[in-house]
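Okay, structure first, notes after.
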Amino acid sequence: MNYNTSQIATIIKAEGKIHADNTLSVLLTDSRSLTFPEESIFFALVTERNDGHKYIKELYDKGVRDFVIDHYPNESDKMPEANFLRVTDTLAAMQMLAAHHRRQFDIPVIGITGSNGKTSVKEWLHQLLQDDYNIVRSPRSYNSQTGVPLSVWQLNEKTDLALFEAGISRPDEMHRLEEIIQPTIGLITNIGEAHQEGFASMQQKCMEKLTLLQGCDCIIYDGDNEVVSDCVEKLCLGAYEIAWSRKDRDKPLYISSIEKGDHSTRIKYTYLQYFLEVTIPYTDDASIQNAIHCLAIMLYLNRMPEVISERMAKLEPLAMRMEVKEGNNNCLIINDSYNSDMDSLTIALDFQARRAANGKMKRTLILSDIFQTGLPPATLYRKVADLLKRKGIERLIGIGPIISDNAYLFDIEKDFYSGTREFVEQLTPDMFQDELVLIKGARNFHFEIISEALELKQHETILEVNLDALVSNLNYYKSYLKPDTKVVCMVKAFGYGAGSYEIAKTLQDRGADYLAVAVADEGAELRKAGITMPIIVMNPEMSSFRTLFSYRLEPEIYSFNLLNALLAEGEKLGVSGYPIHIKIDSGMHRLGFTENQVDELASLLQSQIVLMARSVFSHFAGSDETQHDAYTLQQIATFNRCADKIQAASKHKVMRHLLNTAGITRFSEHQLDMVRLGIGLYGVSPIDENQGLRPVSTLKTTILQIHEYEAGETIGYGRHGVLTRRSRIAAIPIGYADGLDRHLGNGNCEVLVNGHRAPIIGNVCMDICMIDVTDVACNEGDRVEIFGENLPVQELAKRLDTIPYEVLTSISNRVKRVYYRE
């Protein structure tokens with residue numbers, strides 16, 4: 001369903017002159033995601049740290065003509081063909097348009113809210129109901145104030161069921177989402193601690209979430225959850241309730257028993273006096289709860305019990321993250337075998353485009369048949385072909401009979417196969433070289449086989465890097481800052497062990513202002529990989545000056561020797577106004593100009609034109625400990641005196657930055673022009689509490705072998721691991737060559753196997769260590785967590801009497817990094 005400009009202006013009550021009444025089908029909020037300019041209307045959203053109005057001229061030059069604004073942008077007089085629809089609030093206008101669009105459809109709409117499990121329930125419902133309905137659902141986790149309107153906008157004439165998530169982080173948000181989604185069936189999964197900081201109590205958060213369900217014909221929830229049940233009762237929603245219960249036989253859906261096996265769970269239930277059961281291929285509690293929610297919805301939609309049983313037995317795991325892995329022959333593999341529809345394809349192509357390194361890697365797409373669009377195949381794949389052309393795809397591997405039948409529509413390098421097996425059988429080692437390969441397939445094509453085949457095989461210890469957690473931590477620290485305070489993100493030491501390029505690329509995409517590396521070579525590698533944002537080199541060496549100038553790297557200057565040498569090199573090369581960052585020693589006593597040197601420094605800077613002081617900064621010695629607060633305040637005073645003199649000698653604005661990670665939270669009133677964010681970015685707080693942070697790196701390995709040994713036997717080199725009982729000992733492929741410190745052996749450290757702790761026994765070897773799994777149910781091939789989401793890296797650091805920095809940066813480069821988005 002398309003709208004024209006004048007219709008949208010009327011719906012959102014906008015002012016402004018319309019030059020041409022364009023047909024519009026795309027809501028655009030991110031200028032980087034532009035695909036169809038002639039069909040797009042751009043909503044210039046204003047946030048605490050960004051303003052969409054500044055991207056309008058760029059979009060106009062690329063062909064966009066329709067803009068929703070709250071003020072006229074710069075250079076509006078240079079855009080004579082633009083339709084500017086002026087409103088008071090651009091986000092509210094987009095939500096108003098989406099709500100209007102939703103009202104055009106009289107179909108079942110399932111609204112899903114809760115603290116956890118929303119996306120899992122939504123995707124399982126899609127699996128269970130896709131044979132019965134043409135379904136539109138939220139792409140990934142599009143459940144926010146901006147994500148929900150974009151999700152609802154997907155509704156079209158072919159849709160006969162919709163699945164939408166709704167998430168909130170503060171009070172008074174859900175009523176806006178309810179007006180957009182207007183669900184007929186409402187589900188609240190649970191109430192937990194996520195985003196609790198915005199609410200006074202769990203009850204307040206629950207009441208806010210239940211706002212989504214106020215107009216529903218039916219609401220579904222766990223009747224044994226006292227918080228949810230009490231809040232439903234207080235609200236008197238008046239809808240039909242399926243409050244399932246394991247305790248109350250009088251509930252409409254009574255769960256009489258849950259029987260867990262080794263790999264599956266049998267759920268026996270009573271519904272409307274019928275005694276029935278289903279079996280699901282999962283045993284964890286979260287999956288069981290999610291499955292019961294799905295069961296309740298299937299029953300309400302009158303699916304036959306035998307159909308429910310058959311489909312739930314085939315529920316497939318959700319690969320709810322987009323992974324970036326090293327591939328063979330210098331390829332990079334983006335695995336998004338999560339779902340396959342036009343909207344998720346567009347999102348994945350945007351991700352691929354942002355990972356393209358200066359266009360040096362050929363962009364390749366492996367794509368399966370796309371189902372459930374309601375479009376004739378020729379129409380659908382003509383749209384796909386147009387999308388791929390606009391997104392810069394150079395090579396297509398099409399897999400499936402339908403896409404193969406429409407191969408003639410694609411005017412790029414292409415190959416087609418009837419199915420995954422045929423492709424894998426014909427795959428040769430040299431088929432992909434120097435390519436950025438996006439793998440995007442419908443679930444039943446099992447593209448995980450292709451991902452496995454193309455992935456560079458290294459040993460089974462991996463470091464998983466959660467890019468969404470990185471962004472979450474960045475935003476956490478930004479919440480302490482004023483909107484105009486800039487952020488320098490530290491990516492030195494190979495991104496604190498996480499891998500600098502993917503970290504840097506993500507930070508560049510998410511609006512960080514500067515990156516900082518230790519040495520010039522680190523910065524040069526980032527430039528070669530396509531990083532264009534400003535980069536500070538914290539420890540420049542005399543031999544690196546040519547590298548600095550060649551790759552536009554901005555050095556820290558901490559001494560007259562370094563400054564004079566750089567001046568001389570710059571004069572030879574004819575450089576002028578080159579940015580540098582002046583380091584003041586305000587009390588750390590490591591590197592920097594002392595206060596009694598600043599007058600001479602200011603005079604020297606004023607007397608030349610080769611270099612320009614872009615910023616002046618200093619390091620705290622003890623901002624993370626309250627016992628040093630008086631000294632920290634003394635450092636602040638010293639720094640400000642020095643910075644005033646540098647500024648007085650400069651004709652331009654010299655930025656000031658002093659706060660490190662600990663300083664951002666403890667001394668935010670002294671944030672000045674910029675702050676430097678280091679270890680906190682990676683999910684580790686330098687002060688005691690870790691509230692609001694998420695671990696970025698998780699070190700995992702695999703059980704290679706399990707043997708049983710009698711009491712008295714010894715394990716490992718030196719026979720230091722002596723067994724005191726009959727024990728099951730597992731060997732895992734990680735050792736000190738991977739970064740697992742030898743001091744963690746002999747019971748000094750525990751790892752996590754299937755949610756249970758297992759101590760390291762015996763000495764840590766170079767490539768292997770042994771763990772005692774006597775009390776843990778596990779098998780060969782099971783995953784083992786060394787540190788990460790469930791086992792904090794701080795614990796390992798404490799065992800080693802060191803700091804998390806050292807543990808993270810000690811992970812060997814031979815450990816494969818796997819990057820993913822949730």
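Every chain in the structure tokens takes a letter, A first, then B, and so on in the order presented; its residues are numbered from 1, and the ligands are numbered from 1 following the presented order.
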
>> Just list as an NGL selection string whatever in stretch 616-814 of chain A DSSP marks as alpha helix (DSSP H).
In response: :A and (629-648 or 661-666 or 793-799 or 804-809)

Report the closest atom pair, with its distance in Å rounded to one decimal, for each residue of stretch 672-765 of chain A that has an atom no farther than 12 Å from stretch 770-774 of chain A; count only C-alpha atoms, sort by chain and then rising residue number, and write it as a tab-separated table.
residue	atom	partner	partner_atom	distance
A:Thr702	CA	A:Met770	CA	11.5
A:Ile703	CA	A:Ile771	CA	9.4
A:Leu704	CA	A:Met770	CA	10.0
A:Gln705	CA	A:Met770	CA	9.6
A:Ile706	CA	A:Val773	CA	8.6
A:His707	CA	A:Val773	CA	9.9
A:Glu708	CA	A:Thr774	CA	8.6
A:Tyr709	CA	A:Thr774	CA	10.2
A:Glu710	CA	A:Thr774	CA	11.6
A:Thr714	CA	A:Met770	CA	11.3
A:Ile715	CA	A:Met770	CA	7.8
A:Gly716	CA	A:Met770	CA	7.7
A:Tyr717	CA	A:Met770	CA	10.9
A:His720	CA	A:Met770	CA	12.0
A:Gly721	CA	A:Met770	CA	9.4
A:Val722	CA	A:Asp772	CA	11.2
A:Leu723	CA	A:Asp772	CA	9.5
A:Thr724	CA	A:Asp772	CA	11.5
A:Arg725	CA	A:Thr774	CA	9.4
A:Arg726	CA	A:Thr774	CA	8.2
A:Ser727	CA	A:Thr774	CA	5.2
A:Arg728	CA	A:Thr774	CA	4.6
A:Ile729	CA	A:Asp772	CA	4.8
A:Ala730	CA	A:Ile771	CA	5.3
A:Ala731	CA	A:Met770	CA	4.5
A:Ile732	CA	A:Met770	CA	6.2
A:Pro733	CA	A:Met770	CA	8.9
A:Ile734	CA	A:Met770	CA	9.2
A:Gly735	CA	A:Met770	CA	9.6
A:Leu744	CA	A:Met770	CA	11.4
A:Gly745	CA	A:Met770	CA	8.8
A:Asn746	CA	A:Ile771	CA	9.5
A:Gly747	CA	A:Ile771	CA	8.9
A:Asn748	CA	A:Ile771	CA	11.3
A:Cys749	CA	A:Ile771	CA	9.7
A:Glu750	CA	A:Ile771	CA	8.2
A:Val751	CA	A:Ile771	CA	8.0
A:Leu752	CA	A:Val773	CA	10.0
A:Val753	CA	A:Val773	CA	8.2
A:Asn754	CA	A:Val773	CA	10.5
A:Gly755	CA	A:Val773	CA	11.9
A:His756	CA	A:Val773	CA	9.0
A:Arg757	CA	A:Val773	CA	8.4
A:Ala758	CA	A:Asp772	CA	5.6
A:Pro759	CA	A:Ile771	CA	5.5
A:Ile760	CA	A:Ile771	CA	4.3
A:Ile761	CA	A:Ile771	CA	5.3
A:Gly762	CA	A:Met770	CA	6.9
A:Asn763	CA	A:Met770	CA	8.2
A:Val764	CA	A:Met770	CA	7.5
A:Cys765	CA	A:Met770	CA	8.8

>> Show me, as a PyMOL selection string, the residues that have an atom within 7 Å of A:Ala239 when counting only C-alpha atoms, minus same-chain residues fewer than 3 positions from it.
In response: chain A and resi 216-219

> When distances are computed from only C-alpha atoms, which of A:Thr279, A:Thr159, A:Asn444, A:Thr270 shows the smallest separation from A:Leu299?
Replying inline: A:Thr270

> What lies within 10 Å of A:Gly788 using only C-alpha atoms, ignoring chain neighbours under 2 positions off, as a PyMOL selection string?
Replying inline: chain A and resi 463-465+683+694-700+752+785-786+790-794

Got time to write the residues from that selection, N, CA, C and O atoms, as a PDB file, in the first residue's frame?
ATOM      1  N   LEU A 463      36.821 -16.452  20.397  1.00  0.00           N
ATOM      2  CA  LEU A 463      36.413 -15.304  21.196  1.00  0.00           C
ATOM      3  C   LEU A 463      35.207 -14.693  20.501  1.00  0.00           C
ATOM      4  O   LEU A 463      35.321 -14.154  19.400  1.00  0.00           O
ATOM      5  N   GLU A 464      34.037 -14.820  21.122  1.00  0.00           N
ATOM      6  CA  GLU A 464      32.825 -14.214  20.564  1.00  0.00           C
ATOM      7  C   GLU A 464      32.757 -12.757  21.000  1.00  0.00           C
ATOM      8  O   GLU A 464      32.923 -12.441  22.184  1.00  0.00           O
ATOM      9  N   VAL A 465      32.510 -11.875  20.038  1.00  0.00           N
ATOM     10  CA  VAL A 465      32.485 -10.434  20.304  1.00  0.00           C
ATOM     11  C   VAL A 465      31.095  -9.910  19.954  1.00  0.00           C
ATOM     12  O   VAL A 465      30.687  -9.928  18.792  1.00  0.00           O
ATOM     13  N   GLY A 683      32.723  -3.493  28.514  1.00  0.00           N
ATOM     14  CA  GLY A 683      31.839  -4.114  29.489  1.00  0.00           C
ATOM     15  C   GLY A 683      32.427  -4.334  30.859  1.00  0.00           C
ATOM     16  O   GLY A 683      31.855  -5.059  31.673  1.00  0.00           O
ATOM     17  N   ARG A 694      27.454  -4.375  29.663  1.00  0.00           N
ATOM     18  CA  ARG A 694      27.313  -5.738  29.163  1.00  0.00           C
ATOM     19  C   ARG A 694      28.665  -6.230  28.674  1.00  0.00           C
ATOM     20  O   ARG A 694      29.383  -5.485  27.997  1.00  0.00           O
ATOM     21  N   PRO A 695      29.051  -7.481  29.006  1.00  0.00           N
ATOM     22  CA  PRO A 695      30.334  -7.983  28.517  1.00  0.00           C
ATOM     23  C   PRO A 695      30.328  -8.079  26.995  1.00  0.00           C
ATOM     24  O   PRO A 695      29.355  -8.523  26.392  1.00  0.00           O
ATOM     25  N   VAL A 696      31.419  -7.653  26.380  1.00  0.00           N
ATOM     26  CA  VAL A 696      31.543  -7.672  24.929  1.00  0.00           C
ATOM     27  C   VAL A 696      32.190  -8.973  24.462  1.00  0.00           C
ATOM     28  O   VAL A 696      31.782  -9.561  23.464  1.00  0.00           O
ATOM     29  N   SER A 697      33.201  -9.431  25.179  1.00  0.00           N
ATOM     30  CA  SER A 697      33.982 -10.606  24.749  1.00  0.00           C
ATOM     31  C   SER A 697      33.666 -11.827  25.597  1.00  0.00           C
ATOM     32  O   SER A 697      33.644 -11.744  26.832  1.00  0.00           O
ATOM     33  N   THR A 698      33.429 -12.951  24.927  1.00  0.00           N
ATOM     34  CA  THR A 698      33.220 -14.226  25.612  1.00  0.00           C
ATOM     35  C   THR A 698      34.188 -15.248  25.009  1.00  0.00           C
ATOM     36  O   THR A 698      34.142 -15.525  23.815  1.00  0.00           O
ATOM     37  N   LEU A 699      35.074 -15.780  25.851  1.00  0.00           N
ATOM     38  CA  LEU A 699      36.056 -16.774  25.406  1.00  0.00           C
ATOM     39  C   LEU A 699      35.477 -18.164  25.610  1.00  0.00           C
ATOM     40  O   LEU A 699      35.110 -18.536  26.726  1.00  0.00           O
ATOM     41  N   LYS A 700      35.362 -18.909  24.500  1.00  0.00           N
ATOM     42  CA  LYS A 700      34.753 -20.232  24.544  1.00  0.00           C
ATOM     43  C   LYS A 700      35.662 -21.272  23.902  1.00  0.00           C
ATOM     44  O   LYS A 700      36.461 -20.953  23.030  1.00  0.00           O
ATOM     45  N   LEU A 752      32.976 -22.769  32.843  1.00  0.00           N
ATOM     46  CA  LEU A 752      31.539 -23.044  32.870  1.00  0.00           C
ATOM     47  C   LEU A 752      31.191 -24.045  31.769  1.00  0.00           C
ATOM     48  O   LEU A 752      31.466 -23.801  30.596  1.00  0.00           O
ATOM     49  N   GLU A 785      32.725 -22.227  28.561  1.00  0.00           N
ATOM     50  CA  GLU A 785      32.976 -20.786  28.654  1.00  0.00           C
ATOM     51  C   GLU A 785      34.117 -20.543  29.643  1.00  0.00           C
ATOM     52  O   GLU A 785      34.070 -20.984  30.790  1.00  0.00           O
ATOM     53  N   ILE A 786      35.137 -19.828  29.172  1.00  0.00           N
ATOM     54  CA  ILE A 786      36.272 -19.486  30.034  1.00  0.00           C
ATOM     55  C   ILE A 786      35.983 -18.192  30.783  1.00  0.00           C
ATOM     56  O   ILE A 786      36.219 -18.072  31.980  1.00  0.00           O
ATOM     57  N   ASN A 790      28.477 -15.244  31.244  1.00  0.00           N
ATOM     58  CA  ASN A 790      28.054 -15.955  32.451  1.00  0.00           C
ATOM     59  C   ASN A 790      29.155 -16.118  33.488  1.00  0.00           C
ATOM     60  O   ASN A 790      28.876 -16.519  34.618  1.00  0.00           O
ATOM     61  N   LEU A 791      30.391 -15.832  33.097  1.00  0.00           N
ATOM     62  CA  LEU A 791      31.525 -15.968  34.008  1.00  0.00           C
ATOM     63  C   LEU A 791      32.393 -14.721  33.829  1.00  0.00           C
ATOM     64  O   LEU A 791      33.182 -14.653  32.885  1.00  0.00           O
ATOM     65  N   PRO A 792      32.234 -13.711  34.672  1.00  0.00           N
ATOM     66  CA  PRO A 792      32.889 -12.411  34.433  1.00  0.00           C
ATOM     67  C   PRO A 792      34.406 -12.517  34.335  1.00  0.00           C
ATOM     68  O   PRO A 792      35.047 -13.270  35.078  1.00  0.00           O
ATOM     69  N   VAL A 793      34.968 -11.745  33.411  1.00  0.00           N
ATOM     70  CA  VAL A 793      36.417 -11.716  33.251  1.00  0.00           C
ATOM     71  C   VAL A 793      37.079 -11.179  34.513  1.00  0.00           C
ATOM     72  O   VAL A 793      38.229 -11.507  34.821  1.00  0.00           O
ATOM     73  N   GLN A 794      36.343 -10.371  35.292  1.00  0.00           N
ATOM     74  CA  GLN A 794      36.892  -9.850  36.543  1.00  0.00           C
ATOM     75  C   GLN A 794      37.272 -10.971  37.508  1.00  0.00           C
ATOM     76  O   GLN A 794      38.204 -10.841  38.297  1.00  0.00           O
TER      77      GLN A 794
END

Under the rule of at most 9 Å, produce a per-residue listing of stretch 468-487 of chain A near stretch 45-50 of chain A: chain, number, name, the closest pair of atoms, and the distance in Å, as CSV, using only C-alpha atoms.
residue,atom,partner,partner_atom,distance
A:Lys478,CA,A:Arg49,CA,8.7
A:Lys482,CA,A:Glu48,CA,8.3
A:Pro483,CA,A:Arg49,CA,4.9
A:Asp484,CA,A:Arg49,CA,7.0
A:Thr485,CA,A:Arg49,CA,8.9

> Contacts of stretch 202-205 of chain A at 12 Å or less, counting only C-alpha atoms, minus same-chain residues fewer than 3 places along, as a PyMOL selection string?
Replying inline: chain A and resi 113-115+167-174+188+190-199+208-211+225-232+234-235

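Taking atom CA of A:Val437 as the reference point, atom CA of A:Leu365 is found at 5.7 Å.
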
>> Using only C-alpha atoms, which protein or nucleic acid residues come within 7 Å of stretch 98-106 of chain A? Drop anything in the same chain fewer than 4 positions from it, and give the result as an NGL selection string.
In response: :A and (94 or 149 or 152-153 or 179-181)

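Minimum atom-to-atom distances from A:Ile297, A:Met612, A:Leu276, A:Ala568 to A:Ile185 were compared using only C-alpha atoms, and the lowest value belongs to A:Ile297.
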
> Can you list, as a ChimeraX atom specification, every residue of stretch 462-689 of chain A that DSSP puts in strand (DSSP E or B)?
Replying inline: /A:462-466,486-490,514-517,535-537,554-557,578-584,593,611-618,655-657,674-677

>> Residues within 9 Å of stretch 639-645 of chain A, please, as a list in words. Count only C-alpha atoms; anything in the same chain fewer than 3 positions from it doesn't count.
In response: Ile584, Asp585, Ser586, Thr594, Glu595, Val598, Asp599, Ala602, Val616, Phe617, Ser618, Gln634, Gln635, Ile636, Ala648, Ala649, Ser650, Val654, Arg656 and Leu658 of chain A

Export of the given selection (N, CA and C atoms) as a compact mmCIF listing (two decimals), in the first residue's frame:
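Written output follows (out.txt):
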# COMPACT_ATOMS: atom_id res chain seq x y z
N ILE A 584 49.48 16.77 28.82
CA ILE A 584 49.95 17.46 30.03
C ILE A 584 50.13 16.44 31.15
N ASP A 585 51.24 16.50 31.83
CA ASP A 585 51.45 15.68 33.03
C ASP A 585 50.93 16.46 34.22
N SER A 586 49.69 16.15 34.61
CA SER A 586 49.07 16.88 35.73
C SER A 586 49.24 16.15 37.05
N THR A 594 55.14 19.13 31.78
CA THR A 594 54.83 19.57 33.14
C THR A 594 54.37 21.02 33.11
N GLU A 595 53.79 21.46 34.21
CA GLU A 595 53.23 22.81 34.24
C GLU A 595 54.28 23.87 34.00
N VAL A 598 54.87 24.66 30.22
CA VAL A 598 53.75 25.03 29.35
C VAL A 598 53.95 26.39 28.70
N ASP A 599 54.55 27.35 29.39
CA ASP A 599 54.78 28.67 28.78
C ASP A 599 55.66 28.54 27.54
N ALA A 602 53.65 26.80 24.78
CA ALA A 602 52.69 27.69 24.14
C ALA A 602 53.38 28.63 23.15
N VAL A 616 44.10 19.39 23.99
CA VAL A 616 45.04 19.29 25.09
C VAL A 616 44.38 18.40 26.14
N PHE A 617 45.17 17.48 26.72
CA PHE A 617 44.55 16.50 27.61
C PHE A 617 45.53 16.04 28.67
N SER A 618 45.01 15.27 29.62
CA SER A 618 45.86 14.70 30.66
C SER A 618 45.24 13.40 31.15
N GLN A 634 42.96 17.97 42.45
CA GLN A 634 44.20 18.74 42.27
C GLN A 634 44.70 18.63 40.83
N GLN A 635 44.60 17.42 40.26
CA GLN A 635 44.99 17.23 38.86
C GLN A 635 44.12 18.08 37.93
N ILE A 636 42.83 18.12 38.22
CA ILE A 636 41.91 18.90 37.39
C ILE A 636 42.31 20.37 37.39
N ALA A 648 45.20 30.24 25.08
CA ALA A 648 45.53 31.66 24.89
C ALA A 648 46.53 31.87 23.76
N ALA A 649 47.34 30.85 23.50
CA ALA A 649 48.34 30.97 22.43
C ALA A 649 47.82 30.48 21.08
N SER A 650 46.56 30.06 21.03
CA SER A 650 46.01 29.50 19.80
C SER A 650 44.90 30.39 19.23
N VAL A 654 40.81 24.95 21.01
CA VAL A 654 41.56 23.75 21.38
C VAL A 654 40.68 22.93 22.33
N ARG A 656 39.47 20.22 25.05
CA ARG A 656 40.05 19.71 26.29
C ARG A 656 39.41 18.38 26.65
N LEU A 658 39.87 15.18 29.72
CA LEU A 658 40.54 14.78 30.95
C LEU A 658 39.97 13.47 31.51
